[in-house]
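Okay, so here's the structure we're looking at.
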Amino acid sequence: MIRLVYDIKIYRDVLREVLRPGDTVVELGCHIGNSTRIISDLVQEGRVVAVDNSPEAVDVMEALSRERDNVEFISGDVRLHETLEEVCSMIESCDVLSVDLGGGYHPDTTFKVYFIWSSTLKPGVSIIRNRGLLDFVCSSITEESFTSGYGWLESSGDAGIPPRLREFKLWSSKIYKEGAHDRQKD
């Protein structure tokens with residue numbers, strides 16, 4: 001399932017609702033770790049890979065990583081394939097992908113980041129915090145129905161990243177293993 005929110009309180013409530021003790025969570029846009037602490041508490045037997053490229057995140061998140069055994073911090077830009085490669089060298093997939101790029105960050109960038117990371121990691125659940133995407137969805141009427149039962153877009157998941165997105169240099173053929181991590185429906 002893909003959960004889309006804007007309000008930080010609702011975002012954290014959704015984290016509390018979906019996270020399980022043994023989950024592997026990739027958190028994109030951890031900033032100074034306020035939500036990371038909540039995630040870490042909820043997945044005490046699991047793993048949190050938190051990523052952010054803001055200068056104010058580095059010292060605080062490195063300290064949090066030393067303080068908590070289940071938190072690993074990467075100082076990196078989530079828009080770059082090198083950052084995705086680094087995460088993929090640590091984990092092959094994740095249970096939950098949490099995308100919080102400031103909530104009001106440009107929806108096109110947030111969607112591209114979500115699409116590429118979720119297509120690669122194939123999470124069971126994705127949580128995206130972004131006002132523009134929420135506004136778009138809530139203002140839309142669909143004429144067709146596509147439904148993904150997981151945290152990634154099944155309609156394009158098996159085909160990998162469409163060629164038209166490769167120009168953003170956010171994808172690496174080294175990481176994407178076509179169909180390798182697809183979840184089977186029961």
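Simple scheme: letters A, B, ... for chains in structure tokens order, numbers from 1 for residues in each chain, numbers from 1 for ligands in the order shown.
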Range 26-42 of chain A: which residues within 6 Å, counting only C-alpha atoms, same-chain residues fewer than 4 positions away excluded, as a PyMOL selection string?
chain A and resi 21+48-52+57+60+97-101
I need the chosen residues saved as a tab-separated table (two decimals), in the first residue's frame, with all heavy atoms.
```tsv
chain	number	residue	atom	x	y	z
A	21	PRO	N	7.94	-4.58	14.58
A	21	PRO	CA	9.23	-4.65	15.27
A	21	PRO	C	10.42	-5.11	14.42
A	21	PRO	O	11.53	-4.64	14.61
A	21	PRO	CB	8.97	-5.64	16.41
A	21	PRO	CG	7.51	-5.49	16.69
A	21	PRO	CD	6.87	-5.25	15.34
A	48	VAL	N	16.86	0.57	10.44
A	48	VAL	CA	16.50	1.84	9.83
A	48	VAL	C	17.71	2.37	9.07
A	48	VAL	O	18.78	2.54	9.65
A	48	VAL	CB	16.08	2.90	10.89
A	48	VAL	CG1	15.65	4.19	10.21
A	48	VAL	CG2	15.00	2.37	11.81
A	49	VAL	N	17.53	2.60	7.78
A	49	VAL	CA	18.56	3.26	6.98
A	49	VAL	C	18.01	4.64	6.67
A	49	VAL	O	17.04	4.78	5.92
A	49	VAL	CB	18.88	2.47	5.69
A	49	VAL	CG1	19.93	3.21	4.88
A	49	VAL	CG2	19.32	1.05	6.01
A	50	ALA	N	18.59	5.65	7.28
A	50	ALA	CA	18.13	7.03	7.16
A	50	ALA	C	19.07	7.80	6.25
A	50	ALA	O	20.29	7.73	6.41
A	50	ALA	CB	18.05	7.68	8.54
A	51	VAL	N	18.51	8.57	5.31
A	51	VAL	CA	19.31	9.28	4.31
A	51	VAL	C	18.90	10.74	4.26
A	51	VAL	O	17.70	11.06	4.22
A	51	VAL	CB	19.13	8.65	2.90
A	51	VAL	CG1	20.06	9.32	1.90
A	51	VAL	CG2	19.35	7.14	2.94
A	52	ASP	N	19.89	11.62	4.24
A	52	ASP	CA	19.63	13.05	4.09
A	52	ASP	C	20.92	13.73	3.66
A	52	ASP	O	22.01	13.26	4.00
A	52	ASP	CB	19.15	13.67	5.41
A	52	ASP	CG	18.39	14.97	5.21
A	52	ASP	OD1	19.01	15.97	4.77
A	52	ASP	OD2	17.19	15.00	5.49
A	57	ALA	N	21.95	17.79	9.29
A	57	ALA	CA	21.63	16.40	9.63
A	57	ALA	C	22.86	15.61	10.06
A	57	ALA	O	22.75	14.70	10.89
A	57	ALA	CB	20.97	15.72	8.44
A	60	VAL	N	24.03	15.33	13.99
A	60	VAL	CA	22.93	14.80	14.80
A	60	VAL	C	22.64	13.35	14.43
A	60	VAL	O	22.48	12.49	15.30
A	60	VAL	CB	21.65	15.66	14.61
A	60	VAL	CG1	20.47	15.07	15.36
A	60	VAL	CG2	21.89	17.09	15.07
A	97	LEU	N	9.20	2.00	2.88
A	97	LEU	CA	9.93	3.14	2.32
A	97	LEU	C	9.21	4.39	2.79
A	97	LEU	O	8.03	4.58	2.51
A	97	LEU	CB	9.95	3.07	0.79
A	97	LEU	CG	10.59	4.27	0.08
A	97	LEU	CD1	12.07	4.38	0.41
A	97	LEU	CD2	10.37	4.16	-1.42
A	98	SER	N	9.93	5.24	3.50
A	98	SER	CA	9.38	6.48	4.02
A	98	SER	C	10.05	7.65	3.31
A	98	SER	O	11.26	7.82	3.40
A	98	SER	CB	9.65	6.55	5.54
A	98	SER	OG	9.32	7.81	6.04
A	99	VAL	N	9.25	8.43	2.58
A	99	VAL	CA	9.78	9.55	1.80
A	99	VAL	C	9.24	10.84	2.39
A	99	VAL	O	8.05	11.14	2.27
A	99	VAL	CB	9.39	9.44	0.31
A	99	VAL	CG1	9.98	10.59	-0.48
A	99	VAL	CG2	9.81	8.10	-0.27
A	100	ASP	N	10.11	11.59	3.05
A	100	ASP	CA	9.72	12.88	3.65
A	100	ASP	C	10.76	13.92	3.24
A	100	ASP	O	11.73	14.15	3.93
A	100	ASP	CB	9.64	12.77	5.16
A	100	ASP	CG	9.20	14.07	5.82
A	100	ASP	OD1	8.91	15.05	5.10
A	100	ASP	OD2	9.14	14.11	7.06
A	101	LEU	N	10.52	14.52	2.09
A	101	LEU	CA	11.46	15.52	1.59
A	101	LEU	C	10.99	16.92	1.93
A	101	LEU	O	10.92	17.80	1.09
A	101	LEU	CB	11.64	15.35	0.07
A	101	LEU	CG	12.16	13.99	-0.37
A	101	LEU	CD1	12.29	13.93	-1.87
A	101	LEU	CD2	13.50	13.68	0.29
```
Closest-contact table, range 14-38 of chain A side, partner range 109-127 of chain A, 8 Å, counting only C-alpha atoms, as a Markdown table:
```
| residue | atom | partner | partner_atom | distance |
| --- | --- | --- | --- | --- |
| A:Val14 | CA | A:Ile127 | CA | 7.9 |
| A:Leu15 | CA | A:Ile127 | CA | 7.9 |
| A:Val18 | CA | A:Val125 | CA | 7.8 |
```
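Rounded to one decimal, CA of Asn53 in chain A and CA of Leu80 in chain A lie 10.8 Å from each other.
Picture a line from CA of Asp108 in chain A to CA of Arg3 in chain A; it runs 16.9 Å.
Using only C-alpha atoms, the shortest contact distance between Met90 in chain A and any of A:Arg47, A:Ala63, A:Cys138, A:Ser54 is found at A:Arg47.
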Please run DSSP on the backbone and report, as number ranges by chain, all residues within range 4-164 of chain A that come out as alpha helix (DSSP H).
A: 8-18, 34-42, 55-67, 81-90, 107-121, 131-138, 154-157
Per DSSP on the backbone, what are the strand (DSSP E or B) residues of range 32-169 of chain A, as an mmCIF file with N, CA, C and O atoms, in the first residue's frame?
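Output below, filename result.cif:
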```
data_model
loop_
_atom_site.group_PDB
_atom_site.id
_atom_site.type_symbol
_atom_site.label_atom_id
_atom_site.label_comp_id
_atom_site.auth_asym_id
_atom_site.auth_seq_id
_atom_site.Cartn_x
_atom_site.Cartn_y
_atom_site.Cartn_z
ATOM 1 N N ARG A 47 15.650 -2.651 11.291
ATOM 2 C CA ARG A 47 16.751 -1.826 10.810
ATOM 3 C C ARG A 47 16.192 -0.552 10.176
ATOM 4 O O ARG A 47 15.195 -0.605 9.463
ATOM 5 N N VAL A 48 16.862 0.567 10.435
ATOM 6 C CA VAL A 48 16.496 1.841 9.831
ATOM 7 C C VAL A 48 17.710 2.374 9.071
ATOM 8 O O VAL A 48 18.782 2.541 9.650
ATOM 9 N N VAL A 49 17.534 2.599 7.778
ATOM 10 C CA VAL A 49 18.559 3.255 6.981
ATOM 11 C C VAL A 49 18.011 4.637 6.665
ATOM 12 O O VAL A 49 17.038 4.775 5.924
ATOM 13 N N ALA A 50 18.593 5.649 7.282
ATOM 14 C CA ALA A 50 18.126 7.027 7.157
ATOM 15 C C ALA A 50 19.075 7.805 6.250
ATOM 16 O O ALA A 50 20.293 7.731 6.410
ATOM 17 N N VAL A 51 18.507 8.567 5.306
ATOM 18 C CA VAL A 51 19.309 9.278 4.314
ATOM 19 C C VAL A 51 18.897 10.742 4.259
ATOM 20 O O VAL A 51 17.703 11.055 4.221
ATOM 21 N N ASP A 52 19.890 11.623 4.242
ATOM 22 C CA ASP A 52 19.630 13.053 4.093
ATOM 23 C C ASP A 52 20.925 13.730 3.659
ATOM 24 O O ASP A 52 22.010 13.261 4.001
ATOM 25 N N VAL A 71 19.947 1.946 13.780
ATOM 26 C CA VAL A 71 19.913 3.106 12.878
ATOM 27 C C VAL A 71 21.255 3.247 12.168
ATOM 28 O O VAL A 71 22.307 3.250 12.799
ATOM 29 N N GLU A 72 21.179 3.348 10.837
ATOM 30 C CA GLU A 72 22.363 3.620 10.012
ATOM 31 C C GLU A 72 22.069 4.883 9.209
ATOM 32 O O GLU A 72 21.025 4.970 8.572
ATOM 33 N N PHE A 73 22.982 5.835 9.245
ATOM 34 C CA PHE A 73 22.788 7.107 8.555
ATOM 35 C C PHE A 73 23.712 7.212 7.350
ATOM 36 O O PHE A 73 24.894 6.871 7.428
ATOM 37 N N ILE A 74 23.145 7.696 6.254
ATOM 38 C CA ILE A 74 23.933 7.989 5.061
ATOM 39 C C ILE A 74 23.730 9.454 4.725
ATOM 40 O O ILE A 74 22.595 9.899 4.533
ATOM 41 N N SER A 75 24.819 10.182 4.665
ATOM 42 C CA SER A 75 24.760 11.569 4.218
ATOM 43 C C SER A 75 24.857 11.540 2.699
ATOM 44 O O SER A 75 25.926 11.317 2.143
ATOM 45 N N VAL A 96 9.390 -1.088 4.493
ATOM 46 C CA VAL A 96 8.729 0.219 4.442
ATOM 47 C C VAL A 96 9.694 1.243 3.867
ATOM 48 O O VAL A 96 10.842 1.345 4.295
ATOM 49 N N LEU A 97 9.199 2.001 2.883
ATOM 50 C CA LEU A 97 9.930 3.136 2.323
ATOM 51 C C LEU A 97 9.213 4.390 2.785
ATOM 52 O O LEU A 97 8.032 4.577 2.511
ATOM 53 N N SER A 98 9.934 5.240 3.504
ATOM 54 C CA SER A 98 9.382 6.480 4.025
ATOM 55 C C SER A 98 10.047 7.647 3.308
ATOM 56 O O SER A 98 11.259 7.819 3.396
ATOM 57 N N VAL A 99 9.255 8.430 2.580
ATOM 58 C CA VAL A 99 9.780 9.549 1.799
ATOM 59 C C VAL A 99 9.239 10.840 2.388
ATOM 60 O O VAL A 99 8.054 11.138 2.266
ATOM 61 N N ASP A 100 10.111 11.594 3.047
ATOM 62 C CA ASP A 100 9.720 12.879 3.645
ATOM 63 C C ASP A 100 10.758 13.917 3.236
ATOM 64 O O ASP A 100 11.729 14.148 3.932
ATOM 65 N N LEU A 101 10.520 14.516 2.094
ATOM 66 C CA LEU A 101 11.462 15.519 1.587
ATOM 67 C C LEU A 101 10.985 16.923 1.935
ATOM 68 O O LEU A 101 10.917 17.802 1.087
ATOM 69 N N GLY A 102 10.629 17.126 3.188
ATOM 70 C CA GLY A 102 10.232 18.447 3.641
ATOM 71 C C GLY A 102 8.751 18.733 3.525
ATOM 72 O O GLY A 102 8.312 19.834 3.814
ATOM 73 N N GLY A 103 7.991 17.763 3.102
ATOM 74 C CA GLY A 103 6.544 17.928 3.048
ATOM 75 C C GLY A 103 6.058 18.811 1.920
ATOM 76 O O GLY A 103 5.175 18.454 1.175
ATOM 77 N N VAL A 125 5.174 -1.401 1.948
ATOM 78 C CA VAL A 125 4.430 -0.173 2.230
ATOM 79 C C VAL A 125 5.334 1.015 1.931
ATOM 80 O O VAL A 125 6.520 0.982 2.247
ATOM 81 N N SER A 126 4.756 2.047 1.327
ATOM 82 C CA SER A 126 5.457 3.323 1.168
ATOM 83 C C SER A 126 4.621 4.413 1.821
ATOM 84 O O SER A 126 3.390 4.408 1.707
ATOM 85 N N ILE A 127 5.295 5.323 2.497
ATOM 86 C CA ILE A 127 4.651 6.491 3.080
ATOM 87 C C ILE A 127 5.333 7.708 2.480
ATOM 88 O O ILE A 127 6.558 7.839 2.576
ATOM 89 N N ILE A 128 4.554 8.564 1.848
ATOM 90 C CA ILE A 128 5.092 9.755 1.201
ATOM 91 C C ILE A 128 4.456 10.970 1.861
ATOM 92 O O ILE A 128 3.229 11.079 1.918
ATOM 93 N N ARG A 129 5.290 11.880 2.347
ATOM 94 C CA ARG A 129 4.786 13.120 2.939
ATOM 95 C C ARG A 129 5.093 14.261 1.978
ATOM 96 O O ARG A 129 6.240 14.668 1.812
ATOM 97 N N ASN A 130 4.032 14.750 1.314
ATOM 98 C CA ASN A 130 4.211 15.841 0.363
ATOM 99 C C ASN A 130 2.873 16.518 0.092
ATOM 100 O O ASN A 130 1.909 15.862 -0.308
#
```
What is the distance, in Å and to one decimal place, between CA of Ser65 in chain A and CA of Leu19 in chain A?
19.3 Å
